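See structure below.
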Amino acid sequence: MRKNGKKEIVSGSVWTAVFAVWTVLIQVVDVQPSGQNGTDIGFAAFNCWFHNLTGVNMTIYTITDWLGLVPLFVCISFAVLGLVQLIQRKSLFKVDKDIIILGIYYIVVISAYLIFEVIPINYRPVLIEGVMEASYPSSTVLLVLCVMPTLTEQMNRRIMNHGVKKVIGILTILFSGYMVIGRLISGVHWFTDIAGSVFLSAGLFFFYKGIVLMSNKY
């Protein structure tokens, strides 16, 4: 388990490095004032081409926005599980290690989201209710791809029925895929925003999984 954990952490480091490089490239490659109100956009030619290709679909945007509550519900559910264990066992040290690690992981994910809200790399290609909003990385995609895999990972550990595990895994993949594609074709993000979220999510999740595996004695 510890050896597998180290492999996952290495993978997390690689994906995080890819995200860091991607973030730098967005700020130096083909930067043009092609965004709302003349704001600069990296990879401008490709981003504008893809945005013109998909157009803007506010219906898909609204649907994916509301479905963004699903990963929040998952977070709350595991928070409640941890709280119940804490109350029943009367000690934080007796709460399952993977639940404690999961809670810390969720805090890191939320912190990453807040950092990019405060320090915007670029802005959405369209105004949302007349307001310019930070666009990179896509917070919805980041939340979905960071949280939903933890649902599958936790259920695989806590549920014995293989059929149920398989159903949860398939539903998680379908939901996550729909959310990524939905945000991509809704036209409220640049292509590079979605890609950045995928890279960062992979990095954070592999770090989380690696730490969980290394904390397992077996």
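If you're wondering about the labels, chains in the structure tokens are A, B, ... by order shown, residues count from 1 in each chain, ligands from 1 in order shown.
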Quiz item: So which residues touch region 193-203 of chain A within 7 Å, counting only C-alpha atoms, skipping near sequence neighbours fewer than 6 positions away, as a PyMOL selection string?
Solution: chain A and resi 12-13+15-16+18-19+22+135-138+141-142+145-146+184
For the contact check between region 49-107 of chain A and region 158-181 of chain A, emit one row per residue of region 49-107 of chain A within 12 Å, containing the shortest atom pair and the distance in Å rounded to one decimal, counting only C-alpha atoms, chain then rising number order, as JSON lines.
```
{"residue": "A:Thr54", "atom": "CA", "partner": "A:Ile181", "partner_atom": "CA", "distance": 11.1}
{"residue": "A:Ile60", "atom": "CA", "partner": "A:Met179", "partner_atom": "CA", "distance": 9.5}
{"residue": "A:Tyr61", "atom": "CA", "partner": "A:Met179", "partner_atom": "CA", "distance": 9.7}
{"residue": "A:Thr62", "atom": "CA", "partner": "A:Met179", "partner_atom": "CA", "distance": 11.4}
{"residue": "A:Ile63", "atom": "CA", "partner": "A:Met179", "partner_atom": "CA", "distance": 9.2}
{"residue": "A:Thr64", "atom": "CA", "partner": "A:Met179", "partner_atom": "CA", "distance": 6.1}
{"residue": "A:Asp65", "atom": "CA", "partner": "A:Met179", "partner_atom": "CA", "distance": 9.1}
{"residue": "A:Trp66", "atom": "CA", "partner": "A:Met179", "partner_atom": "CA", "distance": 10.6}
{"residue": "A:Leu67", "atom": "CA", "partner": "A:Met179", "partner_atom": "CA", "distance": 8.0}
{"residue": "A:Gly68", "atom": "CA", "partner": "A:Met179", "partner_atom": "CA", "distance": 8.2}
{"residue": "A:Leu69", "atom": "CA", "partner": "A:Met179", "partner_atom": "CA", "distance": 11.6}
{"residue": "A:Val70", "atom": "CA", "partner": "A:Phe175", "partner_atom": "CA", "distance": 9.6}
{"residue": "A:Pro71", "atom": "CA", "partner": "A:Ser176", "partner_atom": "CA", "distance": 9.9}
{"residue": "A:Val74", "atom": "CA", "partner": "A:Thr172", "partner_atom": "CA", "distance": 11.5}
{"residue": "A:Asp96", "atom": "CA", "partner": "A:Arg158", "partner_atom": "CA", "distance": 11.4}
{"residue": "A:Asp98", "atom": "CA", "partner": "A:Arg158", "partner_atom": "CA", "distance": 11.1}
{"residue": "A:Ile99", "atom": "CA", "partner": "A:Arg158", "partner_atom": "CA", "distance": 11.5}
```
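With only C-alpha atoms as the atoms that count, the minimum distance from Cys48 (chain A) to the choices A:Ile128, A:Tyr106, A:Gln36, A:Ile211 is reached by A:Gln36.
CA of Ala20 (chain A) is found 27.2 Å from CA of Ser215 (chain A).
Comparing A:Gln88, A:Ser139, A:Asn122, A:Asn57 by their smallest distance to Val109 (chain A), the closest is A:Ser139 (using only C-alpha atoms).
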Quiz prompt | Residue nearest Ile101 (chain A) - candidates A:Met58, A:Leu213, A:Val80, A:Val118, atoms counted: only C-alpha atoms | solution = A:Leu213
Exercise. Just the residues within 9 Å of region 119-121 of chain A, please, counting only C-alpha atoms, with nothing from its chain fewer than 2 positions along; format it as a list in words.
Key: Thr23, Ile26, Gln27, Ile41, Leu114, Ile115, Phe116, Glu117, Tyr123, Glu133, Ala134, Ser135, Tyr136 and Pro137 of chain A
Practice problem: For Gly55 (chain A), list every protein, DNA or RNA residue within 7 Å, evaluated using only C-alpha atoms, and leave out those in the same chain fewer than 3 positions away; present the list as a list in words. | Solution: His51, Asn52 and Gly187 of chain A
Grab the residues selected above and save them as an mmCIF file, in the first residue's frame with C-alpha atoms.
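This is the output file part-v8.cif:
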```
data_model
loop_
_atom_site.group_PDB
_atom_site.id
_atom_site.type_symbol
_atom_site.label_atom_id
_atom_site.label_comp_id
_atom_site.auth_asym_id
_atom_site.auth_seq_id
_atom_site.Cartn_x
_atom_site.Cartn_y
_atom_site.Cartn_z
ATOM 1 C CA HIS A 51 -15.676 29.577 -28.495
ATOM 2 C CA ASN A 52 -17.088 30.612 -31.869
ATOM 3 C CA GLY A 187 -19.513 28.765 -23.920
#
```
Exercise. Within chain A, find each residue whose DSSP state, derived from the backbone, is strand (DSSP E or B), and express the selection as an MDAnalysis selection string.
Key: chainID A and resid 32 41 123 128 131 134
Mind dumping the selected residues with N, CA and C atoms as a compact mmCIF listing (two decimals), in the first residue's frame?
```txt
# COMPACT_ATOMS: atom_id res chain seq x y z
N GLN A 32 -3.74 37.93 -26.46
CA GLN A 32 -4.39 39.01 -27.21
C GLN A 32 -5.55 39.57 -26.40
N ILE A 41 -6.27 37.34 -23.26
CA ILE A 41 -6.54 35.90 -23.25
C ILE A 41 -5.35 35.18 -23.87
N TYR A 123 -10.71 36.15 -17.65
CA TYR A 123 -12.14 36.28 -17.38
C TYR A 123 -12.96 35.50 -18.39
N ILE A 128 -21.73 37.29 -17.03
CA ILE A 128 -22.75 36.55 -16.29
C ILE A 128 -23.57 37.55 -15.50
N VAL A 131 -21.89 40.85 -15.27
CA VAL A 131 -20.68 40.96 -14.45
C VAL A 131 -19.55 40.13 -15.05
N ALA A 134 -14.11 35.75 -12.90
CA ALA A 134 -12.88 34.99 -13.12
C ALA A 134 -13.22 33.67 -13.80
```
Practice problem: Within 8 Å of Glu8 (chain A), counting only C-alpha atoms, which residues show up once you throw out same-chain ones fewer than 4 positions away? Write them as a ChimeraX atom specification, please. | Solution: /A:4,12,206-207,209-210
Practice problem: May I have all residues of region 127-194 of chain A that DSSP, computed from the backbone, assigns to helix (DSSP H, G or I), given as number ranges by chain? | Solution: A: 139-158, 162-186, 191-194
